[in-house]
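Presented below is the structure to which this report refers.
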Amino acid sequence: MIDASLRQLSQALAAKQVSSVELTRLFLDRIERLNPALNAFVTVDAEKSLNSARAADARIAGGTAGPLTGIPIAQKDIFCAKGWRTTCGSRMLANFVAPYDATVICKMHADAGMVSLGKTNMDEFAMGSSNETSFFGPVRNPWDGERVPGGSSGGSAAAVAARLAPAATGTDTGGSIRQPAALCNLTGLKPTYGVVSRYGMIAFASSLDQGGPMAKGAEDCALLLNAMAGFDERDSTSLNRPAEDYARDLTRPLSGLRIGLPREFFGEGCAAGVMTAVRAALAEYEKLGATMVEVSLPNSHLSVPAYYVIAPAEASSNLSRFDGVRYGYRAPEYGSLDDMYKKSRAQGFGDEVKRRILIGTYVLSHGYYDAYYLQAQRIRRLIADDFVEAFKACDVIMGPTSPSTAFKLGEKAADPVQMYLSDIYTIAVNLAGLPGMSIPCGFADGLPVGLQLIGNYFAEARLLNVAHRYQQATDWHQRRPAGVE
Amino acid sequence: MSLTLEQVQGIAHLARIEISESEAVTTQGHLNGIFRLIEQMQAVDTRGVEPMAHAQDLSQRLRDDTVTEEDRRAAFQAVAPETEAGLYLVPKVIE
């Protein structure tokens with residue numbers, strides 16, 4: 001049951017082979033047993049989960065169940081969920097109980113009838129690539145407890161990899177769904193910017209943030225995206241497009257598929273073991289009928305520098321709301337109002353968050369705006385235009401998700417720039433606003449390797465199709481780490 | 001480009017984050033490392049390139065100027081550090 005796909009769980013629930021309460025208990029028991037070593041969940045509320053499960057069982061009995069009704073899911077602790085502590089991995093929100101539901105949560109709970117198992121650990125305010133910046137301590141990778149699960153959705157990734165949940169939500173600003181999916185052997189999807197509502201999803205960099213599913217396989221991600229996506233009045237950048245079934249093309253044959261290989265993603269800087277697994281996956285795609293085309297993303301090397309101007313600029317603005325007045329942490333002792341702001345923010349934020357606020361404050365300040373912020377936005381345009389050009393020659397772009405497999409805890413923690421470079425293949429996708437996925441494609445020295453799939457705008461169904469066909473021909477995505485029985 | 005210690009302290013003040021002398025020194029090292037990375041941008045000639053603020057170049061949606069939210073002051077103030085009579089309490093700013 002713990003390895004079952006969402007479709008299999010849905011069928012078992014519909015056939016009354018298992019109830020939602022039983023399924024929820026199964027995963028809650030696993031969380032209780034395995035989470036202390038992994039630290040994947042920061043909040044679990046068994047009674048709340050079981051109440052949702054009972055409601056789901058009633059819907060199933062009453063014949064009003066949808067395809068995901070009664071299925072448990074882990075929620076990244078960036079999504080506000082009414083009555084649940086919602087921390088965003090920060091001391092600033094360590095005691096914040098959300099007074100409302102994010103749209104994603106509302107869609108999953110009220111509409112789809114899914115059961116939240118709890119809130120998963122994450123890098124503080126989603127700023128990090130290793131989960132080490134969380135106020136609640138690092139998450140450990142179920143494949144090797146000495147290694148990081150990736151970030152920022154590291155708790156969600158570890159939870160699904162260790163089978164503490166059948167699936168999870170994540171968010172991706174510069175790779176935060178795809179990179180942890182790669183490092184933990186999962187399938188993760190970052191949709192086109194604007195497809196999934198950001199309402200109630202705590203903001204980091206608003207022009208880049210996008211929520212998406214993390215699960216074992218592409219079919220699971222398609223079903224989850226069906227539940228998560230859709231126009232939302234409450235998000236000013238939500239796109240008003242007709243609803244689509246993201247699972248509609250899953251089994252479409254791949255013959256004639258043109259896969260673009262950006263030469264910049266196949267040069268130096270990628271670990272040999274990662275490249276070997278990626279090449280083997282491309283050979284498998286050729287067997288499935290795809291052809292390879294060389295393409296170029298000549299400005300992709302500028303994506304990390306541009307991102308570290310744009311994302312901190314937006315973050316410094318977004319995080320100015322944490323002032324110790326309306327919600328969140330307030331320092332116990334202070335003098336003036338200004339002193340209260342300064343002490344509350346100094347004590348409430350961790351080092352990485354403070355660094356990014358300072359970078360953002362500087363690049364937006366008088367006299368530096370043109371040299372940094374405007375220049376970064378111009379480079380963002382060049383990067384997006386590179387993709388437009390590349391997609392004239394191919395249907396999907398592929399390459400490694402991350403330049404290395406999971407690294408050791410502490411290995412990059414002292415050097416922010418080294419940490420930033422672990423997102424070198426993922427960031428350009430966010431800057432352009434394109435959909436991207438990571439799918440398991442093998443192992444290097446016993447650690448999972450992710451293959452990145454990048455699609456054109458709104459090509460989620462096609463990406464899921466391309467991922468699913470590969471997963472029908474291979475079983476990498478079904479592998480589970482030892483020691484999580 | 002290299003930030004001085006005074007600049008680091010000035011930015012921290014603008015961001016309303018208290019920073020000690022020793023923190024400022026560590027932060028200065030980290031920020032200068034990050035700005036060395038960022039400086040790669042300066043080698044690119046972007047004259048004539050339209051800045052891209054957003055992935056979807058759409059104008060902001062407008063809606064009718066009518067009340068759409070209900071009053072949830074009590075629920076929202078329940079999570080505030082300090083309130084009284086429906087007001088947020090902060091240190092006195094006007095003598």
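By convention here, the chains of the structure tokens are called A, B, ... in the order presented, each chain's residues are numbered starting at 1, and ligands are numbered starting at 1 in the order presented.
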Residues of chain B in helix (DSSP H, G or I), written as number ranges by chain: B: 5-14, 21-43, 73-77
Applying 7 Å and only C-alpha atoms, which residues near range 376-385 of chain A remain after dropping the ones on its own chain fewer than 3 positions away? List them as a count of residues only. 18
What's around Leu225 in chain A at 10 Å? Count only C-alpha atoms, leave out sequence neighbours fewer than 4 positions away in its own chain, and write the answer as a ChimeraX atom specification. /A:169,189-191,195-196,211-214,219-221,229-230,244-247,460-461
Could the residues of chain B within 8 Å of chain A, counting only C-alpha atoms, be given as an NGL selection string, please? :B and (11-19 or 27 or 30-31 or 33-34 or 37-42 or 46 or 49-56 or 60-61 or 75-77 or 79-82 or 88-93)
Pull the strand (DSSP E or B) assignments for range 218-453 of chain A out of DSSP run on the backbone, and list those residues as a PyMOL selection string. chain A and resi 229+258-262+291-295+396-400+408+436-444+447-453
With N, CA and C atoms retained, write the just-selected residues as a compact mmCIF listing (two decimals), in the first residue's frame.
```txt
# COMPACT_ATOMS: atom_id res chain seq x y z
N ALA A 229 -4.62 23.19 -9.98
CA ALA A 229 -4.60 24.28 -10.96
C ALA A 229 -5.95 24.96 -11.09
N ARG A 258 10.60 15.58 -30.63
CA ARG A 258 11.92 16.19 -30.80
C ARG A 258 12.41 16.70 -29.45
N ILE A 259 13.49 16.10 -28.97
CA ILE A 259 14.05 16.49 -27.67
C ILE A 259 15.24 17.43 -27.89
N GLY A 260 15.14 18.61 -27.34
CA GLY A 260 16.23 19.59 -27.47
C GLY A 260 17.24 19.42 -26.34
N LEU A 261 18.51 19.32 -26.72
CA LEU A 261 19.57 19.19 -25.72
C LEU A 261 20.41 20.47 -25.75
N PRO A 262 20.24 21.35 -24.76
CA PRO A 262 21.01 22.59 -24.75
C PRO A 262 22.48 22.27 -24.49
N THR A 291 13.64 11.85 -31.23
CA THR A 291 14.90 12.22 -31.88
C THR A 291 15.53 13.37 -31.10
N MET A 292 16.85 13.42 -31.14
CA MET A 292 17.59 14.44 -30.39
C MET A 292 18.00 15.59 -31.32
N VAL A 293 17.85 16.80 -30.81
CA VAL A 293 18.23 17.99 -31.56
C VAL A 293 19.12 18.83 -30.65
N GLU A 294 20.25 19.30 -31.16
CA GLU A 294 21.05 20.18 -30.32
C GLU A 294 20.46 21.59 -30.37
N VAL A 295 20.28 22.18 -29.21
CA VAL A 295 19.80 23.56 -29.15
C VAL A 295 20.76 24.36 -28.28
N VAL A 396 10.42 19.45 -26.44
CA VAL A 396 10.75 19.43 -25.02
C VAL A 396 12.26 19.53 -24.89
N ILE A 397 12.71 20.20 -23.85
CA ILE A 397 14.15 20.33 -23.60
C ILE A 397 14.51 19.41 -22.44
N MET A 398 15.63 18.73 -22.57
CA MET A 398 16.06 17.85 -21.48
C MET A 398 17.51 18.09 -21.10
N GLY A 399 17.80 17.71 -19.84
CA GLY A 399 19.15 17.82 -19.30
C GLY A 399 19.12 17.38 -17.86
N PRO A 400 20.23 17.53 -17.16
CA PRO A 400 20.22 17.19 -15.74
C PRO A 400 19.39 18.21 -14.94
N LYS A 408 26.54 16.30 1.13
CA LYS A 408 26.51 16.04 2.58
C LYS A 408 26.01 17.26 3.35
N GLY A 436 8.42 22.99 -15.82
CA GLY A 436 9.57 22.09 -15.77
C GLY A 436 9.28 20.92 -14.85
N MET A 437 9.92 19.81 -15.13
CA MET A 437 9.76 18.62 -14.28
C MET A 437 11.12 18.03 -13.95
N SER A 438 11.16 17.23 -12.90
CA SER A 438 12.30 16.35 -12.70
C SER A 438 11.75 14.94 -12.52
N ILE A 439 12.36 13.99 -13.22
CA ILE A 439 11.93 12.59 -13.07
C ILE A 439 13.14 11.72 -12.75
N PRO A 440 12.93 10.66 -11.96
CA PRO A 440 14.06 9.78 -11.62
C PRO A 440 14.60 9.09 -12.88
N CYS A 441 15.93 9.07 -13.03
CA CYS A 441 16.50 8.45 -14.23
C CYS A 441 17.71 7.59 -13.92
N GLY A 442 17.83 7.14 -12.67
CA GLY A 442 18.94 6.25 -12.35
C GLY A 442 19.68 6.70 -11.10
N PHE A 443 20.83 6.07 -10.89
CA PHE A 443 21.59 6.33 -9.66
C PHE A 443 23.06 6.51 -9.98
N ALA A 444 23.72 7.30 -9.15
CA ALA A 444 25.17 7.43 -9.22
C ALA A 444 25.69 7.19 -7.81
N LEU A 447 23.03 7.02 -5.18
CA LEU A 447 22.17 8.19 -4.93
C LEU A 447 21.38 8.53 -6.19
N PRO A 448 20.13 8.96 -6.01
CA PRO A 448 19.25 9.21 -7.16
C PRO A 448 19.73 10.36 -8.05
N VAL A 449 19.43 10.21 -9.34
CA VAL A 449 19.71 11.25 -10.33
C VAL A 449 18.39 11.67 -10.97
N GLY A 450 18.22 12.97 -11.18
CA GLY A 450 17.00 13.47 -11.80
C GLY A 450 17.25 13.96 -13.22
N LEU A 451 16.31 13.65 -14.10
CA LEU A 451 16.33 14.17 -15.48
C LEU A 451 15.35 15.34 -15.52
N GLN A 452 15.82 16.48 -16.02
CA GLN A 452 14.92 17.63 -16.10
C GLN A 452 14.25 17.69 -17.48
N LEU A 453 12.96 17.94 -17.46
CA LEU A 453 12.16 18.12 -18.67
C LEU A 453 11.62 19.54 -18.64
```
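When CA of Ile73 in chain A is paired with CA of Met108 in chain A, their separation reads 9.1 Å.
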Extract, using only C-alpha atoms, all DNA, RNA and protein residues at most 10 Å from Lys107 in chain A, discarding same-chain residues fewer than 6 positions from it, and format them as a PyMOL selection string. chain A and resi 101+113-114+226-230
Restricted to C-alpha atoms, what would the selected residues look like written as a PDB file, in the first residue's frame?
```pdb
ATOM      1  CA  ASP A 101      -6.801  28.462   3.731  1.00  0.00           C
ATOM      2  CA  GLY A 113     -11.537  15.687  -0.447  1.00  0.00           C
ATOM      3  CA  MET A 114      -7.874  14.935   0.148  1.00  0.00           C
ATOM      4  CA  ASN A 226      -5.841  18.630 -11.932  1.00  0.00           C
ATOM      5  CA  ALA A 227      -6.791  19.358  -8.317  1.00  0.00           C
ATOM      6  CA  MET A 228      -4.349  22.245  -7.750  1.00  0.00           C
ATOM      7  CA  ALA A 229      -4.597  24.277 -10.957  1.00  0.00           C
ATOM      8  CA  GLY A 230      -7.207  26.822 -11.971  1.00  0.00           C
TER       9      GLY A 230
END
```
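Remark: for Val429 in chain A, the closest of the candidate residues A:Arg59, A:Lys76, A:Arg178, A:Arg7 is A:Arg178 (distances computed over only C-alpha atoms).
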Excluding same-chain residues fewer than 6 positions from Gly118 in chain A, what lies within 12 Å of it counting only C-alpha atoms, as number ranges by chain? A: 24, 27-28, 31-32, 35, 40-50, 52, 72-81, 83-86, 105, 155-156, 159, 164-165, 167-169
What's the 8 Å shell around Ala157 in chain A, counting only C-alpha atoms, without same-chain residues fewer than 3 positions away, as a list in words? Pro149, Ser153, Gly154, Val160, Ala161, Ala168, Pro180, Ala181, Cys184, Leu186 and Met214 of chain A
Can those selected residues be exported to a file as a short mmCIF file (atom, residue, chain, number, x, y, z; two decimals), in the first residue's frame so that it contains N, CA and C atoms?
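Result file follows (result.cif):
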```cif
data_model
loop_
_atom_site.label_atom_id
_atom_site.label_comp_id
_atom_site.auth_asym_id
_atom_site.auth_seq_id
_atom_site.Cartn_x
_atom_site.Cartn_y
_atom_site.Cartn_z
N PRO A 149 18.31 16.50 1.57
CA PRO A 149 17.26 16.06 0.64
C PRO A 149 17.09 17.06 -0.51
N SER A 153 11.85 22.50 -0.96
CA SER A 153 10.77 21.57 -0.58
C SER A 153 11.36 20.25 -0.11
N GLY A 154 12.38 20.29 0.75
CA GLY A 154 13.09 19.08 1.17
C GLY A 154 12.27 18.18 2.08
N VAL A 160 7.82 11.87 0.94
CA VAL A 160 7.32 10.95 -0.09
C VAL A 160 8.35 9.84 -0.36
N ALA A 161 9.63 10.21 -0.37
CA ALA A 161 10.67 9.20 -0.63
C ALA A 161 10.66 8.11 0.44
N ALA A 168 2.97 14.90 -2.11
CA ALA A 168 3.12 16.13 -1.34
C ALA A 168 3.00 17.34 -2.26
N PRO A 180 14.92 19.02 -5.12
CA PRO A 180 14.70 17.98 -4.11
C PRO A 180 14.08 16.70 -4.70
N ALA A 181 13.24 16.84 -5.73
CA ALA A 181 12.70 15.64 -6.38
C ALA A 181 13.86 14.83 -6.96
N CYS A 184 15.91 13.06 -4.21
CA CYS A 184 15.20 12.05 -3.42
C CYS A 184 14.48 11.02 -4.28
N LEU A 186 12.19 11.39 -6.85
CA LEU A 186 10.76 11.63 -7.04
C LEU A 186 10.50 12.31 -8.38
N MET A 214 4.51 16.94 -5.97
CA MET A 214 5.67 16.05 -5.86
C MET A 214 5.13 14.67 -5.52
#
```
